[in-house]
Amino acid sequence: MFEKLFGKKKSSEVAKDRLKLVLIHDRRLISNTVLNQMKDELIQVISKYIKIEQEEINIQFDVETENRNRGALIVNVPLKNILKKKKMI
Amino acid sequence: MGKVYVITSGKGGVGKTTTTANLGVGLAKKGSSVVLMDADIGLRNLDVILGLENRIVYNSMDVMMGTCRLKQALIKDKRYDKLFLLPASQTNDKMDVSPEMMTKLVAELKEKFDYVLIDCPAGIEQGFKNAIVGADEALIITTPEISSIRDADRVIGLLAASEMGEIKLIVNRIKMKLVNEGNMLHMDDIVDILGLDIVGVIPDDEEIVISTNKGEPVSVKAMSPSGKAYMNIAGRISGEDIPFLNIDEKISLASKFKNFFSR
């Protein structure tokens, strides 16, 4: 819709967007296999203490563009039945 | 004690060797003593870009193996007294050199010259590792293409992990006409994406083809746009404060004149 209104996206814009996506993958420090393995182990450990939505756990690497020595491993773990727990307390 | 730069890119064919030769000429013209070391063992080309291919007797491999002394392998440029080439062996393999051998050789060169410029081979394998081991700083060459920028990013990651000093960017083969039409990545975008400081932008220039044919780097006469751009980078490296030319205006103005007169 947007593109139809304002004409086609310039090819340099397309290149920029594609490049950014490719680099997000390239800059990851470990492979998908290892990442999944880590995910499984994390699920095991966390599940010992709290109930979590195992299917919705999300792990990602975030490497800073300005300083590649800095980055973060971001793990998002949705909890299961939080309301129920609250009632119990 | 001199300073050692490695000129690298990851991707092949983006202008590492041409840049090494031209920066060498530029720094020598500014009065510094410079040695250009070809680290592309088995696929050397810095000698032909400089037009010194007929003078090679010994190479860096001979020095590292102790077959000859460093002085015997260094080739003095025919144009500048303070510019030297240390050619690579064409009959050896990149695996024949170890990082330890390179470190030792580079340390020796560093004592004798103001600048040591190392022309790195393409790729990120042994040849690359050998080329960066003795360097204080790195210059990354990229063209405004996705493939080249992506490879540059890989190399930057590897250099950062190897604790390289400063890493700076040179964008090569910019065509401002395409950039202005929105069909080529702008250097500012490349700087943003790679997150490095830029030391120079080199316009795409047919003069490079002619100069390569002749074995005379464009910065020798420095009349062409690329030759001027290389001289500016050499200036910035040697500490001069040279503002970035607005290539946009310069080229569009020049081409306007051209168009006007060719009508």
# chains A, B, ... in the order shown; residues from 1 in each chain; ligands from 1

$ residues_around --residues "Ile242 in chain B" --least-positions-apart "6" --cutoff "8 Å" --atoms "only C-alpha atoms" --output "list in words"
Asn232, Gly235 and Arg236 of chain B

$ write_last_selection --atoms "C-alpha atoms" --output "PDB file, in the first residue's frame"
ATOM      1  CA  ASN B 232      43.890  12.915   1.149  1.00  0.00           C
ATOM      2  CA  GLY B 235      47.453  13.017   4.624  1.00  0.00           C
ATOM      3  CA  ARG B 236      44.923  11.989   7.247  1.00  0.00           C
TER       4      ARG B 236
END

$ interface_residues --of "chain B" --to "chain A" --cutoff "12 Å" --atoms "only C-alpha atoms" --output "CSV table (one decimal) with N, CA, C and O atoms, in the first residue's frame"
chain,number,residue,atom,x,y,z
B,144,PRO,N,30.6,-0.2,-2.1
B,144,PRO,CA,29.2,0.0,-1.6
B,144,PRO,C,28.3,-1.1,-2.0
B,144,PRO,O,27.1,-0.9,-2.2
B,145,GLU,N,28.8,-2.3,-2.0
B,145,GLU,CA,28.0,-3.5,-2.3
B,145,GLU,C,27.7,-4.3,-1.1
B,145,GLU,O,28.6,-4.5,-0.2
B,146,ILE,N,26.5,-4.9,-1.1
B,146,ILE,CA,26.2,-5.8,0.1
B,146,ILE,C,27.2,-6.8,0.4
B,146,ILE,O,27.6,-7.0,1.5
B,147,SER,N,27.7,-7.5,-0.7
B,147,SER,CA,28.6,-8.7,-0.5
B,147,SER,C,29.9,-8.2,0.2
B,147,SER,O,30.4,-8.8,1.1
B,148,SER,N,30.4,-7.1,-0.3
B,148,SER,CA,31.6,-6.5,0.2
B,148,SER,C,31.5,-6.0,1.7
B,148,SER,O,32.4,-6.2,2.5
B,149,ILE,N,30.4,-5.4,1.9
B,149,ILE,CA,30.1,-4.8,3.3
B,149,ILE,C,30.0,-5.9,4.3
B,149,ILE,O,30.5,-5.9,5.4
B,150,ARG,N,29.2,-7.0,3.8
B,150,ARG,CA,29.0,-8.1,4.7
B,150,ARG,C,30.4,-8.8,5.1
B,150,ARG,O,30.6,-9.1,6.3
B,151,ASP,N,31.2,-9.0,4.1
B,151,ASP,CA,32.5,-9.6,4.4
B,151,ASP,C,33.4,-8.7,5.3
B,151,ASP,O,34.1,-9.1,6.1
B,152,ALA,N,33.3,-7.4,5.0
B,152,ALA,CA,34.0,-6.4,5.9
B,152,ALA,C,33.6,-6.6,7.3
B,152,ALA,O,34.4,-6.6,8.2
B,153,ASP,N,32.3,-6.7,7.5
B,153,ASP,CA,31.8,-6.9,8.9
B,153,ASP,C,32.3,-8.1,9.6
B,153,ASP,O,32.7,-8.1,10.8
B,154,ARG,N,32.5,-9.2,8.8
B,154,ARG,CA,33.0,-10.4,9.4
B,154,ARG,C,34.5,-10.2,9.8
B,154,ARG,O,34.9,-10.5,10.9
B,155,VAL,N,35.2,-9.5,8.9
B,155,VAL,CA,36.6,-9.2,9.2
B,155,VAL,C,36.8,-8.3,10.4
B,155,VAL,O,37.6,-8.5,11.3
B,156,ILE,N,35.9,-7.3,10.5
B,156,ILE,CA,35.9,-6.4,11.6
B,156,ILE,C,35.7,-7.1,12.9
B,156,ILE,O,36.4,-6.9,13.9
B,157,GLY,N,34.8,-8.1,12.9
B,157,GLY,CA,34.5,-8.9,14.1
B,157,GLY,C,35.8,-9.7,14.5
B,157,GLY,O,36.1,-9.8,15.7
B,158,LEU,N,36.4,-10.3,13.5
B,158,LEU,CA,37.7,-11.1,13.8
B,158,LEU,C,38.8,-10.2,14.3
B,158,LEU,O,39.5,-10.6,15.2
B,159,LEU,N,38.9,-9.0,13.7
B,159,LEU,CA,40.0,-8.0,14.2
B,159,LEU,C,39.7,-7.6,15.6
B,159,LEU,O,40.6,-7.5,16.4
B,160,ALA,N,38.4,-7.3,15.9
B,160,ALA,CA,38.1,-6.9,17.2
B,160,ALA,C,38.4,-8.0,18.2
B,160,ALA,O,38.9,-7.7,19.3
B,161,ALA,N,38.1,-9.2,17.9
B,161,ALA,CA,38.4,-10.3,18.7
B,161,ALA,C,39.9,-10.6,18.9
B,161,ALA,O,40.4,-11.1,19.9
B,162,SER,N,40.7,-10.2,17.9
B,162,SER,CA,42.2,-10.4,18.0
B,162,SER,C,42.8,-9.1,18.7
B,162,SER,O,44.0,-9.0,18.7
B,163,GLU,N,42.0,-8.2,19.2
B,163,GLU,CA,42.5,-7.1,19.9
B,163,GLU,C,43.4,-6.2,19.0
B,163,GLU,O,44.4,-5.7,19.5
B,164,MET,N,43.0,-6.0,17.8
B,164,MET,CA,43.6,-5.0,16.9
B,164,MET,C,43.4,-3.6,17.5
B,164,MET,O,42.4,-3.3,18.1
B,167,ILE,N,40.6,0.4,14.1
B,167,ILE,CA,40.2,-0.1,12.8
B,167,ILE,C,39.4,1.0,12.1
B,167,ILE,O,38.5,1.5,12.7
B,178,LEU,N,25.0,7.3,-9.0
B,178,LEU,CA,24.1,6.2,-8.5
B,178,LEU,C,23.6,6.5,-7.1
B,178,LEU,O,22.5,6.2,-6.8
B,179,VAL,N,24.5,7.0,-6.3
B,179,VAL,CA,24.2,7.3,-4.9
B,179,VAL,C,23.0,8.3,-4.9
B,179,VAL,O,22.0,8.1,-4.2
B,180,ASN,N,23.2,9.3,-5.7
B,180,ASN,CA,22.1,10.4,-5.7
B,180,ASN,C,20.8,9.9,-6.3
B,180,ASN,O,19.7,10.4,-5.9
B,181,GLU,N,20.9,8.9,-7.1
B,181,GLU,CA,19.6,8.3,-7.7
B,181,GLU,C,19.0,7.4,-6.7
B,181,GLU,O,17.9,6.9,-7.0
B,182,GLY,N,19.7,7.1,-5.6
B,182,GLY,CA,19.2,6.1,-4.7
B,182,GLY,C,19.4,4.7,-5.1
B,182,GLY,O,18.8,3.8,-4.6
B,183,ASN,N,20.4,4.5,-6.0
B,183,ASN,CA,20.7,3.1,-6.4
B,183,ASN,C,22.1,2.6,-6.0
B,183,ASN,O,22.5,1.6,-6.4
B,184,MET,N,22.7,3.4,-5.0
B,184,MET,CA,23.9,2.9,-4.4
B,184,MET,C,23.9,3.3,-3.0
B,184,MET,O,23.5,4.4,-2.7
B,185,LEU,N,24.4,2.4,-2.1
B,185,LEU,CA,24.5,2.7,-0.7
B,185,LEU,C,25.4,4.0,-0.5
B,185,LEU,O,26.4,4.1,-1.1
B,186,HIS,N,24.9,4.9,0.4
B,186,HIS,CA,25.7,6.1,0.7
B,186,HIS,C,26.7,5.7,1.7
B,186,HIS,O,26.5,4.8,2.5
B,187,MET,N,27.9,6.4,1.6
B,187,MET,CA,29.0,6.1,2.6
B,187,MET,C,28.5,6.2,4.0
B,187,MET,O,29.0,5.5,4.9
B,188,ASP,N,27.7,7.2,4.3
B,188,ASP,CA,27.2,7.4,5.6
B,188,ASP,C,26.4,6.2,6.2
B,188,ASP,O,26.5,5.8,7.3
B,189,ASP,N,25.7,5.6,5.3
B,189,ASP,CA,24.9,4.3,5.6
B,189,ASP,C,25.9,3.2,6.0
B,189,ASP,O,25.8,2.5,6.9
B,190,ILE,N,27.0,3.1,5.2
B,190,ILE,CA,28.0,2.1,5.4
B,190,ILE,C,28.7,2.3,6.7
B,190,ILE,O,28.9,1.4,7.5
B,191,VAL,N,29.0,3.6,7.0
B,191,VAL,CA,29.6,3.9,8.3
B,191,VAL,C,28.7,3.5,9.4
B,191,VAL,O,29.2,2.9,10.4
B,192,ASP,N,27.5,3.8,9.3
B,192,ASP,CA,26.5,3.5,10.3
B,192,ASP,C,26.4,2.0,10.6
B,192,ASP,O,26.5,1.5,11.7
B,193,ILE,N,26.3,1.3,9.5
B,193,ILE,CA,26.1,-0.2,9.6
B,193,ILE,C,27.3,-0.9,10.2
B,193,ILE,O,27.2,-1.7,11.0
B,194,LEU,N,28.5,-0.5,9.7
B,194,LEU,CA,29.7,-1.1,10.2
B,194,LEU,C,30.2,-0.6,11.5
B,194,LEU,O,31.0,-1.2,12.2
B,195,GLY,N,29.8,0.6,11.9
B,195,GLY,CA,30.2,1.2,13.2
B,195,GLY,C,31.7,1.5,13.3
B,195,GLY,O,32.2,1.4,14.4
B,196,LEU,N,32.3,2.0,12.2
B,196,LEU,CA,33.7,2.4,12.2
B,196,LEU,C,33.9,3.8,11.8
B,196,LEU,O,33.0,4.4,11.2
B,197,ASP,N,35.0,4.4,12.2
B,197,ASP,CA,35.4,5.7,11.7
B,197,ASP,C,35.9,5.6,10.3
B,197,ASP,O,36.5,4.6,9.9

$ select_by_dssp --residues "range 8-251 of chain B" --states "helix (DSSP H, G or I)" --output "PyMOL selection string"
chain B and resi 16-29+46-50+53-55+60-65+70-73+94-96+99-112+126-132+146-161+176-181+187-194+207-214+225-237+247-251

$ residues_around --residues "Gly15 in chain B" --least-positions-apart "4" --cutoff "9 Å" --atoms "only C-alpha atoms" --output "VMD selection string"
chain B and resid 9 19 to 20 141 to 143 172 to 173

$ write_last_selection --atoms "C-alpha atoms" --output "mmCIF file, in the first residue's frame"
data_model
loop_
_atom_site.group_PDB
_atom_site.id
_atom_site.type_symbol
_atom_site.label_atom_id
_atom_site.label_comp_id
_atom_site.auth_asym_id
_atom_site.auth_seq_id
_atom_site.Cartn_x
_atom_site.Cartn_y
_atom_site.Cartn_z
ATOM 1 C CA SER B 9 38.686 -6.475 3.325
ATOM 2 C CA THR B 19 44.953 1.061 -1.997
ATOM 3 C CA THR B 20 48.156 -0.263 -0.418
ATOM 4 C CA ILE B 141 38.405 -1.529 2.364
ATOM 5 C CA THR B 142 34.855 -1.980 1.189
ATOM 6 C CA THR B 143 32.873 -1.096 -1.908
ATOM 7 C CA ASN B 172 36.128 2.446 -2.510
ATOM 8 C CA ARG B 173 34.470 2.823 -5.910
#

$ atom_distance --atom1 "CA of Ser211 in chain B" --atom2 "CA of Lys11 in chain B"
22.4 Å

$ residues_around --residues "Lys80 in chain A" --least-positions-apart "4" --cutoff "8 Å" --atoms "only C-alpha atoms" --output "MDAnalysis selection string"
chainID A and resid 51:53

$ residues_around --residues "Gly51 in chain B" --least-positions-apart "3" --cutoff "10 Å" --atoms "only C-alpha atoms" --output "list of chain:residue names"
B:Asn45, B:Leu46, B:Asp47, B:Val48, B:Asn54, B:Arg55, B:Asp77, B:Lys78, B:Ser211, B:Thr212, B:Asn213, B:Lys214, B:Gly215, B:Glu216, B:Pro217

$ write_last_selection --atoms "all heavy atoms" --output "compact mmCIF listing (two decimals), in the first residue's frame"
# COMPACT_ATOMS: atom_id res chain seq x y z
N ASN B 45 50.60 -9.50 -6.15
CA ASN B 45 50.27 -8.54 -7.19
C ASN B 45 50.71 -7.12 -6.91
O ASN B 45 50.69 -6.29 -7.80
CB ASN B 45 48.75 -8.53 -7.44
CG ASN B 45 48.36 -9.56 -8.47
OD1 ASN B 45 49.06 -9.73 -9.47
ND2 ASN B 45 47.27 -10.27 -8.24
N LEU B 46 51.12 -6.87 -5.69
CA LEU B 46 51.54 -5.52 -5.34
C LEU B 46 52.71 -5.09 -6.22
O LEU B 46 52.83 -3.92 -6.58
CB LEU B 46 51.93 -5.50 -3.85
CG LEU B 46 52.17 -4.16 -3.19
CD1 LEU B 46 51.04 -3.19 -3.43
CD2 LEU B 46 52.39 -4.34 -1.69
N ASP B 47 53.56 -6.05 -6.59
CA ASP B 47 54.71 -5.73 -7.46
C ASP B 47 54.28 -5.18 -8.82
O ASP B 47 54.83 -4.19 -9.30
CB ASP B 47 55.61 -6.97 -7.63
CG ASP B 47 54.83 -8.20 -8.08
OD1 ASP B 47 53.60 -8.22 -7.90
OD2 ASP B 47 55.44 -9.15 -8.61
N VAL B 48 53.24 -5.78 -9.43
CA VAL B 48 52.83 -5.29 -10.74
C VAL B 48 52.07 -3.97 -10.66
O VAL B 48 52.17 -3.12 -11.54
CB VAL B 48 51.98 -6.32 -11.54
CG1 VAL B 48 52.83 -7.44 -12.06
CG2 VAL B 48 50.82 -6.85 -10.74
N ASN B 54 59.83 -6.48 -12.38
CA ASN B 54 61.07 -6.97 -13.01
C ASN B 54 62.29 -6.90 -12.10
O ASN B 54 63.37 -7.33 -12.46
CB ASN B 54 61.36 -6.17 -14.28
CG ASN B 54 60.32 -6.48 -15.35
OD1 ASN B 54 59.79 -7.59 -15.40
ND2 ASN B 54 60.01 -5.49 -16.17
N ARG B 55 62.10 -6.33 -10.93
CA ARG B 55 63.27 -6.12 -10.06
C ARG B 55 63.36 -7.14 -8.93
O ARG B 55 64.26 -7.06 -8.10
CB ARG B 55 63.22 -4.73 -9.46
CG ARG B 55 63.11 -3.67 -10.54
CD ARG B 55 63.24 -2.31 -9.94
NE ARG B 55 63.14 -1.32 -11.01
CZ ARG B 55 63.51 -0.07 -10.91
NH1 ARG B 55 64.01 0.35 -9.76
NH2 ARG B 55 63.41 0.76 -11.91
N ASP B 77 61.62 1.71 -4.77
CA ASP B 77 60.74 2.20 -5.84
C ASP B 77 61.55 3.06 -6.80
O ASP B 77 62.50 3.73 -6.41
CB ASP B 77 59.61 3.02 -5.22
CG ASP B 77 58.61 3.47 -6.27
OD1 ASP B 77 57.81 2.64 -6.71
OD2 ASP B 77 58.65 4.66 -6.66
N LYS B 78 61.13 3.05 -8.09
CA LYS B 78 61.91 3.82 -9.07
C LYS B 78 61.60 5.31 -9.02
O LYS B 78 62.33 6.13 -9.55
CB LYS B 78 61.69 3.27 -10.47
CG LYS B 78 60.27 2.89 -10.81
CD LYS B 78 60.19 2.12 -12.14
CE LYS B 78 58.78 1.63 -12.38
NZ LYS B 78 58.67 0.69 -13.49
N SER B 211 46.18 3.31 -14.92
CA SER B 211 47.36 3.33 -14.06
C SER B 211 47.83 1.91 -13.76
O SER B 211 49.03 1.65 -13.67
CB SER B 211 47.06 4.10 -12.77
OG SER B 211 46.59 3.25 -11.76
N THR B 212 46.88 0.99 -13.61
CA THR B 212 47.25 -0.41 -13.37
C THR B 212 47.95 -0.98 -14.61
O THR B 212 48.94 -1.71 -14.50
CB THR B 212 46.01 -1.25 -13.02
OG1 THR B 212 45.34 -0.62 -11.93
CG2 THR B 212 46.38 -2.66 -12.63
N ASN B 213 47.44 -0.63 -15.79
CA ASN B 213 48.09 -1.07 -17.02
C ASN B 213 49.55 -0.63 -17.07
O ASN B 213 50.43 -1.38 -17.47
CB ASN B 213 47.38 -0.47 -18.24
CG ASN B 213 46.03 -1.12 -18.49
OD1 ASN B 213 45.75 -2.20 -17.97
ND2 ASN B 213 45.19 -0.47 -19.28
N LYS B 214 49.79 0.59 -16.63
CA LYS B 214 51.13 1.17 -16.72
C LYS B 214 52.03 0.79 -15.55
O LYS B 214 53.24 0.95 -15.63
CB LYS B 214 51.03 2.70 -16.74
CG LYS B 214 50.40 3.27 -17.99
CD LYS B 214 50.58 4.79 -17.89
CE LYS B 214 49.63 5.53 -18.79
NZ LYS B 214 49.48 6.93 -18.37
N GLY B 215 51.44 0.36 -14.45
CA GLY B 215 52.24 0.10 -13.25
C GLY B 215 52.64 1.38 -12.56
O GLY B 215 53.71 1.47 -11.95
N GLU B 216 51.76 2.40 -12.67
CA GLU B 216 52.04 3.67 -12.01
C GLU B 216 50.79 4.09 -11.22
O GLU B 216 49.80 4.50 -11.79
CB GLU B 216 52.36 4.75 -13.05
CG GLU B 216 52.73 6.06 -12.42
CD GLU B 216 52.89 7.18 -13.46
OE1 GLU B 216 53.95 7.21 -14.10
OE2 GLU B 216 51.97 7.99 -13.61
N PRO B 217 50.85 3.96 -9.87
CA PRO B 217 49.68 4.29 -9.05
C PRO B 217 49.15 5.70 -9.33
O PRO B 217 49.93 6.61 -9.62
CB PRO B 217 50.22 4.19 -7.61
CG PRO B 217 51.34 3.22 -7.71
CD PRO B 217 51.97 3.45 -9.07

$ decode --residues "range 24-49 of chain A" --atoms "N, CA and C atoms" --output "CSV table (one decimal), in the first residue's frame"
chain,number,residue,atom,x,y,z
A,24,ILE,N,22.6,-9.2,11.3
A,24,ILE,CA,22.1,-9.7,12.6
A,24,ILE,C,22.5,-11.2,12.8
A,25,HIS,N,22.3,-11.9,11.7
A,25,HIS,CA,22.6,-13.3,11.7
A,25,HIS,C,24.1,-13.6,11.8
A,26,ASP,N,24.9,-12.9,11.0
A,26,ASP,CA,26.3,-13.1,10.9
A,26,ASP,C,27.0,-12.8,12.3
A,27,ARG,N,26.4,-11.8,13.0
A,27,ARG,CA,27.1,-11.3,14.2
A,27,ARG,C,26.8,-12.2,15.4
A,28,ARG,N,25.9,-13.2,15.2
A,28,ARG,CA,25.7,-14.1,16.3
A,28,ARG,C,26.9,-14.9,16.6
A,29,LEU,N,27.2,-15.1,17.8
A,29,LEU,CA,28.4,-15.8,18.2
A,29,LEU,C,28.4,-17.3,18.1
A,30,ILE,N,27.1,-17.9,18.2
A,30,ILE,CA,27.0,-19.3,18.2
A,30,ILE,C,26.0,-19.8,17.2
A,31,SER,N,26.1,-21.0,16.8
A,31,SER,CA,25.2,-21.5,15.8
A,31,SER,C,23.8,-21.8,16.3
A,32,ASN,N,22.9,-22.1,15.4
A,32,ASN,CA,21.5,-22.4,15.8
A,32,ASN,C,21.4,-23.7,16.7
A,33,THR,N,22.2,-24.6,16.3
A,33,THR,CA,22.2,-25.9,17.0
A,33,THR,C,22.6,-25.7,18.5
A,34,VAL,N,23.7,-24.9,18.7
A,34,VAL,CA,24.1,-24.7,20.0
A,34,VAL,C,23.1,-23.8,20.8
A,35,LEU,N,22.5,-22.9,20.1
A,35,LEU,CA,21.5,-22.0,20.7
A,35,LEU,C,20.3,-22.8,21.2
A,36,ASN,N,19.9,-23.8,20.4
A,36,ASN,CA,18.8,-24.6,20.8
A,36,ASN,C,19.1,-25.5,22.0
A,37,GLN,N,20.3,-26.0,21.9
A,37,GLN,CA,20.8,-26.8,23.0
A,37,GLN,C,20.8,-26.1,24.4
A,38,MET,N,21.2,-24.8,24.3
A,38,MET,CA,21.3,-24.0,25.4
A,38,MET,C,19.8,-23.7,25.9
A,39,LYS,N,18.9,-23.5,24.9
A,39,LYS,CA,17.5,-23.2,25.2
A,39,LYS,C,16.9,-24.4,26.0
A,40,ASP,N,17.2,-25.6,25.6
A,40,ASP,CA,16.6,-26.8,26.2
A,40,ASP,C,17.2,-26.9,27.7
A,41,GLU,N,18.4,-26.6,27.8
A,41,GLU,CA,19.0,-26.7,29.2
A,41,GLU,C,18.4,-25.6,30.1
A,42,LEU,N,18.3,-24.4,29.5
A,42,LEU,CA,17.7,-23.3,30.3
A,42,LEU,C,16.3,-23.7,30.8
A,43,ILE,N,15.5,-24.2,29.9
A,43,ILE,CA,14.1,-24.6,30.2
A,43,ILE,C,14.2,-25.6,31.4
A,44,GLN,N,15.1,-26.6,31.3
A,44,GLN,CA,15.2,-27.6,32.4
A,44,GLN,C,15.4,-26.9,33.7
A,45,VAL,N,16.5,-26.1,33.7
A,45,VAL,CA,16.9,-25.4,35.0
A,45,VAL,C,15.8,-24.5,35.5
A,46,ILE,N,15.2,-23.7,34.7
A,46,ILE,CA,14.2,-22.7,35.2
A,46,ILE,C,12.9,-23.5,35.6
A,47,SER,N,12.6,-24.5,34.9
A,47,SER,CA,11.3,-25.3,35.2
A,47,SER,C,11.4,-26.0,36.6
A,48,LYS,N,12.6,-26.2,37.1
A,48,LYS,CA,12.8,-26.8,38.4
A,48,LYS,C,12.2,-25.9,39.5
A,49,TYR,N,12.2,-24.5,39.2
A,49,TYR,CA,11.8,-23.6,40.2
A,49,TYR,C,10.5,-22.9,39.9
